[in-house]
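A.B. asks: Here you go, one structure.
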Amino acid sequence: MESLVFALNGERHEISGLDPAMTLLEFIRTQTRFRGPKLGCGEGGCGACVVLLSRYDQVTDQVNDFSASSCLLLLGSINHCSVITTEGLGNTKNGYHAIHQRIAGFHASQCGFCTPGMCMSLFSSLVNADKDMNRPVPPSGFSKINVSEAKKAISGNLCRCTGYRPLIDACKSFAADVDMEDLGLNTFWKKGDKEASVAKLPNYSIGAVCTFPEFLKSEIKSSLSISKAHKMETIESSWYRPDTIEGLYALLDSNSLRGSNVKLVVGNTSSGVYKDQDLYNKYIDLRGIPDILVIKESNGGIEIGSAVTISRAIEILRGYKGSTLVFNKIADHMNQVATQFVRNIASIGGNLILAQRNQFDSDIATILLAIGATVSIQLGSERLTLTLEEFLEKPPCDYRTLLLSIFIPSWYSCSNVLFQSYRAAPRPLGNALAYVNSSFLAQTSTDEETGEIVLDSICLAFGAYGTKHATRARKVEDILKGKKVTASIMLKAIKLLKEMIVPTDGTTYPEYRLSLAVGFLFKFLSPFVKGPAELRKLSPIGGTNGTINGCKFGESGHALRNDKALSLFSPQEVIFNMEYKPVGEPIKKAGAELQASGEAVYVDDIPSPKDCFYGAFVYSTKPLAYVKEINFKSSLASKKLVDFVSAKDIPKEGQNIGCEYLFGSEPLFADSLTEYAGQPLGVVIAETQSYANMAANQAVVNYSMDNLEQPILTTEDAIQHQSYFEVPPFLYPKQVGDFSKGMSEADQTIESAEVKLASQYYFYMETQTTLAIPDEDNCMTIYTSTQSPEITQKVIAKCLGIPFHNVRVITRRVGGGFGGKAIRSFMVASACAVAAHKLRQPVRMYLDRKTDMIMIGGRHPTKVYYTVGFKSDGKITALHIDLRMNAGISADCSPILPGAVIGALKKYNWGSLSFDIKLCRTNNTSKSAMRAPGDIQGSFIAEAIIEHVASLLSADTNTIRRKNLHDHESLRMFYGDQIAGEAPTYTLPSIFDSLASTPNYEARVETVRQFNRANKWKKRGISCVPITYKVMLRPTPGRISVLNDGSIIVEVGGIEIGQGLWTKVKQMASFGLKELWEDGTEKFLDKIRVIQADSFSLIQGGITAGSTTSESSCEAVRLACNVLVERLKPFKDKILAEKGMVSWEALITQAAMQSVNLSASAYWVPEQSTIAYLNYGAAISEVEIDLLTGATTILRSDLLYDCGKSLNPAVDLGQVEGGFVQGIGFFMHEEFLTNSDGLAISDSTWNYKIPTIDTIPKEFNVEFLSSPHNKDRVLSSKASGEPPLLLASSVHCAMREAIRAARTEFSSSVGSKGSALTFHMDVPTTMPMVKELCGLNIVEKYLESLA
């Protein structure tokens, strides 16, 4: 076979000249016109690249459809397959699919970069549900899928914008058992409409999309006889598919592979975990060998071939005809391995091989170890059967060791068997490695005299705790075997277990992992004990319901817990302002269907020009060192190197500048001295992006630290060396009152307490990307994903030493920014420009996720020491804080941040406020603006102080909060008259009272107390947090132009980054021209198009940041419309007087004939007196923590936000929800860790966890305050992008309350009762920290109290 044949969106593709290392994603994006699947991580961890893959079985005449991660799937593995991308579902030309339309109509797409993958994950779930003939036929418009399945359809997909709630609504709308009234705000029916029905939704028709074309079936059938005549399929001597084990070994021994880099693959998903270190030029596809695809069922169990996918293995286990207890449990646990679109292509054998050879933290190995699984392996001509334990303990397998199959015993013939498995991971539904996994199997009998349960035999397996592979705790098994379980026996077993579970050096959170192992064993054994109720009612953590002696226990098993993890109820209360129609209406986001169908064009979707090269950074791994030389390994990847661009290639007329803002610049490349780990040293140039990335990995940098001081990495180091950036006087916040006097008035004080907040990575779905195209006359056109084309132009021009007018920067849309593309994007654009300038050919760069995470930086790590004085009634009289912020190597925008920290802190009346600010210059990547920069730290610091005061006074925290909220007079004192505004605009007290000072809230608090009294191992907490957020308006340009057919184009300085800027601008343009419309304004929205930002077209665009770009752009457009109305109104009046009516088209035709200028521009400059204003909101969050694992579930969050008169309630609602969920990530999940050199080691989806659909609030309520008119605001509107992020601190505060309840319960384990109430709680508060604060040894202490 000399070519590869497959179908893509129904079109036949035949490929010759196959690059065996090319992934399906790379092929689709670079060799076809389709751009729907996106590269988000390259690891199978985000879902942006998901496609539907279909295989035809000519024997059964059945098509198997499944979602697949195309960034991992190799092109050579899809011969005779059909691939569907989101464009294949529907598009602009052929009409959108119901999935596209419903995602758009439920306002479920913001930046849109993740949306195509979401669509395909959902479509895969619908297709597979609809093929199930055992399911009832649903009513018209629905799928056969049920609500529970619909909610899980996108559980593996990541979204950084929406907060997931509207996405879940869109998914649920396809399920016939959905409560239509439970669905959130949408464009299909109005709120409160009694006719909310599927008839109003875009119609979904089962089977409307053909997933496998007939022509491909015919080709497969006709090729069947030909393939039987061949012993092995080969594609151009680079891709081999042997059909026997003998053929495999013959191939491995043949001359055709000699001197080649060979890789054996099934699904290639291992490359998502362990990145290839070099290119391979020969691949052996093992899926053609029948021996490793075997599925054999017997009464004794199931034999599953090693090449069987994990998803197929789950189906087999669930479909087993014998006892389902053990197999269902295994299947449930396997369902938490990776994501659905990875499980569909990853093999069960591949997972075990990774565990054996690479010490991968496999869940599958652990659960099969306890169940007594065996494996068959082939070593040359020898076939062996080993226990899984023997297999794992062998020396690492080489490529000649073939894992054939796994036999899983059913335990069907054994009575009284109990099997449970457990895992603790950051995400309940999987897509996260476990901190610890375990599985336990016990055979029991009953003592006839006492009725007590006796453990006749027991197997205890533990993994992922920092061990080479899963192991059995045999010594613990020995002391339990034959015993009745008592508290003293459990204690003895646990003490022995703690001696055996020893994490290797370098394992993160070793004590926590040990505590988890103890908790899992405790959980498993507790139901056997005759004793206290809190022991016997412990249900298994995870695991389907177990049975013993025919009696069920453990009713909160996997299936139930997983459904609960996705139960989402989300009513929203928003008020539509109809005064300025269509402004104020919740119209859907402009271009949402384009984003869903994959037709929206992002920078990396622009087709590469002829002779385009690709670049990848080589960066420093040392924080402060001389760069002696850079060499490249001798490898296949290095042969792809075309050129290397470094500081010496910057034109002599130019400057070595990569970033610049108000306070200075940062070099593009390190020259001889690198000043931080992650600093660019140069750019590798190759013919494809994958070649460039791989070639960059071959770089070997020789460093020298001779005669250099130690690098400054922490704020403590910086203070010791007096290494600071200056905060200019005009930015330095003003102190309030007399601190000394305030302290003298205090009854009590807290001295030098500490608050610590870590960094956070942006995790926009689209990484940094640029395309640079040289033009005539030493000019350069730049397409880049940036929040500021204007400053990008400036930086590139300076770098190249050319006039600004030689650099044209174009940005259409950005796939998520959050501040990370405000300044940090300049470096990528400049590097691309220098490379293109040197080569005189186009160059493009699309950073891989690891490089992006290492180089780009993130939120400022912050540490504060505070001293506070307060009265006995909780009234605070004075506060002093020592603010320490780690700014990294360059000033960037850091001097702005201290003012933001203090501004958010001022939400409370501290009596008097003083501070000392140290903005530390360190040898780290520059920290930059990230959504709510400074404000989120300041607001949380304020809450930490309030809670500390409340705990010392043993007072209700909300009482202390309310007592210290401002009245309008003190608000003016802290913020100044102009910013504080008029008294009616200060809505925070009423917002807080409407949430926290109600009978409903008091009832919820009492319910929490009752729950905590009744539950020993789970605790709940509830908290209400107010916020104040200052924003500033910026001068902004706008232009509106009417073309001769009456269609309108609008230009603004702001960039569409998912915040709905274009949508609001369209609404404002329609409103602004209302005097010229005859038939209202809504129908004219379709005549308006907002076009991309272009530094040559609209100057002074500024920077899209600070949450006010939308309102500023809208006001600029409104002013431009006024100019146009002034020109055209006389013509309209004249035509009306003559003819009695005038159409828009006739008006424009007449004006054009009269040479009227149909384009108007405006540059809006806000008045100094109203340039800044305050935003207000509050949130109640209620959480539940598991004391044995540290897992936190957000049960409910209620948000009340003052959005003014919203320009678009649907858009603003999305901003509020998305910001809140991003804040949850900051406070709970996202650990942005570095090594001892300051190099980011949280550098992938494997070790950096943003929120997913299973970690958001189970009940998520959002309400907008009905605000009065405000003449100082743009049509009385207010910002919505960043302030809601601060509301997520309510989750952290609720966690503190729950932890306080736990510490009170187990006060002897955490010290005195006083220390139980007052404790230090950093941000983020992850599972290990929650568990540590609750007590790592609470199980032992509890058992000791019983024993």
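Each chain in the structure tokens gets a letter, A, B, ..., in the order shown, and its residues are numbered from 1; ligands are numbered from 1 in order too.
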From a DSSP calculation on the backbone, collect every residue of region 101-217 of chain A in helix (DSSP H, G or I) and output the set as a PyMOL selection string.

C.D. replies: chain A and resi 101-105+115-130+147-152+165-172+180-182+198-200+214-217

A.B. asks: Please, could you write that set of residues out with N, CA and C atoms as a CSV table (one decimal), in the first residue's frame?

C.D. replies:
```csv
chain,number,residue,atom,x,y,z
A,101,GLN,N,-26.0,26.3,16.5
A,101,GLN,CA,-27.1,27.4,16.8
A,101,GLN,C,-27.4,27.4,18.2
A,102,ARG,N,-27.5,26.3,18.9
A,102,ARG,CA,-27.9,26.3,20.3
A,102,ARG,C,-26.7,26.8,21.2
A,103,ILE,N,-25.5,26.5,20.8
A,103,ILE,CA,-24.4,27.1,21.6
A,103,ILE,C,-24.4,28.6,21.4
A,104,ALA,N,-24.7,29.1,20.2
A,104,ALA,CA,-24.7,30.5,20.0
A,104,ALA,C,-25.9,31.1,20.8
A,105,GLY,N,-27.1,30.4,20.7
A,105,GLY,CA,-28.3,31.0,21.3
A,105,GLY,C,-28.3,30.9,22.8
A,115,THR,N,-14.6,26.4,21.3
A,115,THR,CA,-16.0,26.0,20.9
A,115,THR,C,-16.1,24.9,19.9
A,116,PRO,N,-15.2,24.9,18.8
A,116,PRO,CA,-15.3,23.7,17.9
A,116,PRO,C,-15.1,22.4,18.6
A,117,GLY,N,-14.2,22.3,19.5
A,117,GLY,CA,-13.9,21.1,20.2
A,117,GLY,C,-15.1,20.7,21.1
A,118,MET,N,-15.7,21.7,21.7
A,118,MET,CA,-16.9,21.5,22.5
A,118,MET,C,-18.0,20.9,21.6
A,119,CYS,N,-18.2,21.4,20.4
A,119,CYS,CA,-19.2,21.0,19.5
A,119,CYS,C,-19.0,19.5,19.2
A,120,MET,N,-17.8,19.1,18.9
A,120,MET,CA,-17.5,17.7,18.5
A,120,MET,C,-17.6,16.8,19.6
A,121,SER,N,-17.3,17.2,20.8
A,121,SER,CA,-17.5,16.3,22.0
A,121,SER,C,-19.0,16.0,22.2
A,122,LEU,N,-19.8,17.1,22.1
A,122,LEU,CA,-21.2,16.9,22.2
A,122,LEU,C,-21.8,16.1,21.1
A,123,PHE,N,-21.3,16.4,19.9
A,123,PHE,CA,-21.9,15.6,18.7
A,123,PHE,C,-21.6,14.1,18.8
A,124,SER,N,-20.4,13.8,19.3
A,124,SER,CA,-20.0,12.4,19.5
A,124,SER,C,-21.0,11.7,20.5
A,125,SER,N,-21.3,12.4,21.6
A,125,SER,CA,-22.2,11.9,22.6
A,125,SER,C,-23.6,11.7,22.0
A,126,LEU,N,-24.0,12.7,21.2
A,126,LEU,CA,-25.4,12.5,20.6
A,126,LEU,C,-25.4,11.4,19.6
A,127,VAL,N,-24.4,11.3,18.7
A,127,VAL,CA,-24.4,10.2,17.7
A,127,VAL,C,-24.4,8.8,18.4
A,128,ASN,N,-23.6,8.6,19.4
A,128,ASN,CA,-23.6,7.3,20.1
A,128,ASN,C,-24.9,7.0,20.8
A,129,ALA,N,-25.5,8.0,21.4
A,129,ALA,CA,-26.8,7.8,22.1
A,129,ALA,C,-27.8,7.4,21.1
A,130,ASP,N,-27.8,8.2,20.0
A,130,ASP,CA,-28.9,8.0,19.0
A,130,ASP,C,-28.8,6.6,18.2
A,147,VAL,N,-30.2,13.8,30.3
A,147,VAL,CA,-29.6,15.0,30.9
A,147,VAL,C,-28.2,14.6,31.5
A,148,SER,N,-28.2,13.5,32.2
A,148,SER,CA,-27.0,13.2,32.9
A,148,SER,C,-25.8,13.0,31.9
A,149,GLU,N,-26.1,12.3,30.8
A,149,GLU,CA,-25.1,12.1,29.8
A,149,GLU,C,-24.7,13.4,29.1
A,150,ALA,N,-25.7,14.2,28.9
A,150,ALA,CA,-25.5,15.5,28.2
A,150,ALA,C,-24.6,16.4,28.9
A,151,LYS,N,-24.7,16.4,30.3
A,151,LYS,CA,-23.9,17.3,31.1
A,151,LYS,C,-22.4,16.8,31.1
A,152,LYS,N,-22.3,15.4,30.9
A,152,LYS,CA,-20.9,14.9,30.9
A,152,LYS,C,-20.3,15.0,29.5
A,165,ARG,N,-21.4,27.2,32.6
A,165,ARG,CA,-22.8,27.1,32.8
A,165,ARG,C,-23.6,27.2,31.5
A,166,PRO,N,-23.4,28.1,30.6
A,166,PRO,CA,-24.2,28.1,29.4
A,166,PRO,C,-23.9,27.0,28.4
A,167,LEU,N,-22.7,26.5,28.5
A,167,LEU,CA,-22.3,25.3,27.7
A,167,LEU,C,-23.1,24.1,28.1
A,168,ILE,N,-23.3,23.9,29.5
A,168,ILE,CA,-24.0,22.8,30.0
A,168,ILE,C,-25.5,23.0,29.6
A,169,ASP,N,-26.0,24.2,29.6
A,169,ASP,CA,-27.4,24.4,29.1
A,169,ASP,C,-27.6,24.0,27.7
A,170,ALA,N,-26.6,24.4,26.8
A,170,ALA,CA,-26.7,24.0,25.4
A,170,ALA,C,-26.7,22.5,25.3
A,171,CYS,N,-25.9,21.8,26.0
A,171,CYS,CA,-25.9,20.3,26.0
A,171,CYS,C,-27.2,19.7,26.4
A,172,LYS,N,-27.7,20.2,27.6
A,172,LYS,CA,-28.9,19.7,28.1
A,172,LYS,C,-30.1,19.9,27.2
A,180,MET,N,-37.2,22.3,30.5
A,180,MET,CA,-36.9,23.4,29.7
A,180,MET,C,-36.8,24.7,30.5
A,181,GLU,N,-37.6,24.8,31.6
A,181,GLU,CA,-37.5,26.0,32.4
A,181,GLU,C,-36.2,26.1,33.2
A,182,ASP,N,-35.5,25.0,33.3
A,182,ASP,CA,-34.2,25.0,34.0
A,182,ASP,C,-33.1,25.5,33.2
A,198,VAL,N,-39.1,22.7,22.9
A,198,VAL,CA,-38.1,22.3,22.0
A,198,VAL,C,-38.5,22.8,20.6
A,199,ALA,N,-39.7,23.1,20.4
A,199,ALA,CA,-40.2,23.7,19.1
A,199,ALA,C,-39.5,25.0,18.8
A,200,LYS,N,-39.1,25.7,19.8
A,200,LYS,CA,-38.5,27.0,19.6
A,200,LYS,C,-37.0,26.9,19.5
A,214,GLU,N,-20.5,6.4,1.9
A,214,GLU,CA,-20.6,5.1,1.2
A,214,GLU,C,-19.4,4.8,0.3
A,215,PHE,N,-18.8,5.8,-0.3
A,215,PHE,CA,-17.7,5.5,-1.2
A,215,PHE,C,-16.5,4.9,-0.4
A,216,LEU,N,-16.4,5.3,0.9
A,216,LEU,CA,-15.3,4.7,1.7
A,216,LEU,C,-15.6,3.3,2.1
A,217,LYS,N,-16.8,3.0,2.3
A,217,LYS,CA,-17.2,1.6,2.6
A,217,LYS,C,-16.9,0.7,1.4
```

A.B. asks: Between CA of Glu629 (chain A) and CA of Ser1236 (chain A), what distance in Å does the model show, to one decimal?

C.D. replies: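 Between CA of Glu629 (chain A) and CA of Ser1236 (chain A) the gap works out to 23.1 Å.
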
A.B. asks: As a PyMOL selection string, please: every residue in region 755-895 of chain A that DSSP puts in strand (DSSP E or B).

C.D. replies: chain A and resi 755-757+769-775+779-784+807-811+813+843-846+862-870+876-888

A.B. asks: Measuring between only C-alpha atoms, which one of A:Leu594, A:Ser608, A:Val574, A:Ser457 shows the shortest distance to Ser1267 (chain A)?

C.D. replies: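 Comparing A:Leu594, A:Ser608, A:Val574, A:Ser457 against Ser1267 (chain A), the winner is A:Val574.
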
A.B. asks: Kindly indicate which residue among A:Ser997, A:Ser410, A:Gln1222, A:Asn702 lies nearest to Phe327 (chain A), using only C-alpha atoms for the distances.

C.D. replies: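 Ranked by minimum distance to Phe327 (chain A), first place goes to A:Ser410.
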
A.B. asks: Hey, which of A:Ile902, A:Ile15, A:Leu514, A:Leu75 ends up closest to Glu1332 (chain A)? Count only C-alpha atoms.

C.D. replies: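 So, comparing all the options, the nearest one is A:Leu514.
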
A.B. asks: Just want the 8 Å neighbourhood of Glu1344 (chain A), counted on only C-alpha atoms, with same-chain residues fewer than 5 positions away dropped. Output as a ChimeraX atom specification.

C.D. replies: /A:487-488,491

A.B. asks: Which neighbours of Gln340 (chain A) fall inside 8 Å, counting only C-alpha atoms, when residues of the same chain fewer than 6 positions from it are skipped, and could you give them as a list in words?

C.D. replies: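 Those residues are Ser67, Ala68, Gly156 and Ser311 of chain A.
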
A.B. asks: Those selected residues, please, written with C-alpha atoms and delivered as a tab-separated table (two decimals), in the first residue's frame.

C.D. replies:
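Saved the output as out-v9.tsv:
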```tsv
chain	number	residue	atom	x	y	z
A	67	SER	CA	-14.48	11.46	19.67
A	68	ALA	CA	-10.72	11.62	19.36
A	156	GLY	CA	-13.03	16.71	29.32
A	311	SER	CA	-13.18	3.01	26.30
```

A.B. asks: Which residue gives the smallest distance to Thr374 (chain A) among A:Ala153, A:Ile458, A:Ile302, A:Ile1256, with only C-alpha atoms counted?

C.D. replies: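 Nearest to Thr374 (chain A): A:Ile302.
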
A.B. asks: In Å, how far is it from CA of Lys588 (chain A) to CA of Gly1177 (chain A)?

C.D. replies: 24.7 Å

A.B. asks: As an MDAnalysis selection string, please: the residues near Ser16 (chain A) (cut-off 12 Å, only C-alpha atoms, same-chain neighbours under 2 positions excluded).

C.D. replies: chainID A and resid 1:5 13:14 18:20 75:76 79 234:239

A.B. asks: If I take CA of Val502 (chain A) and CA of Val436 (chain A), how far is one from the other in Å, to one decimal?

C.D. replies: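 Separating CA of Val502 (chain A) from CA of Val436 (chain A) is a distance of 12.2 Å.
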
A.B. asks: Quick one: everything within 10 Å of region 822-826 of chain A, counting only C-alpha atoms, minus sequence neighbours fewer than 3 positions away in the same chain. Send it as a ChimeraX atom specification.

C.D. replies: /A:657-661,668,767-770,784-789,791-796,817-819,829-832,855-858,892-893,926-930,1103-1105

A.B. asks: Name the closest residue to Lys131 (chain A) among the candidates A:Phe66, A:Tyr1029, A:Tyr691, A:Tyr164; distances are taken between atoms, counting only C-alpha atoms.

C.D. replies: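 Comparing A:Phe66, A:Tyr1029, A:Tyr691, A:Tyr164 against Lys131 (chain A), the winner is A:Phe66.
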
A.B. asks: Please list as a PyMOL selection string every residue within 10 Å of Thr1149 (chain A), counting only C-alpha atoms and excluding residues in the same chain fewer than 3 positions away.

C.D. replies: chain A and resi 1043-1046+1143-1146+1152-1155
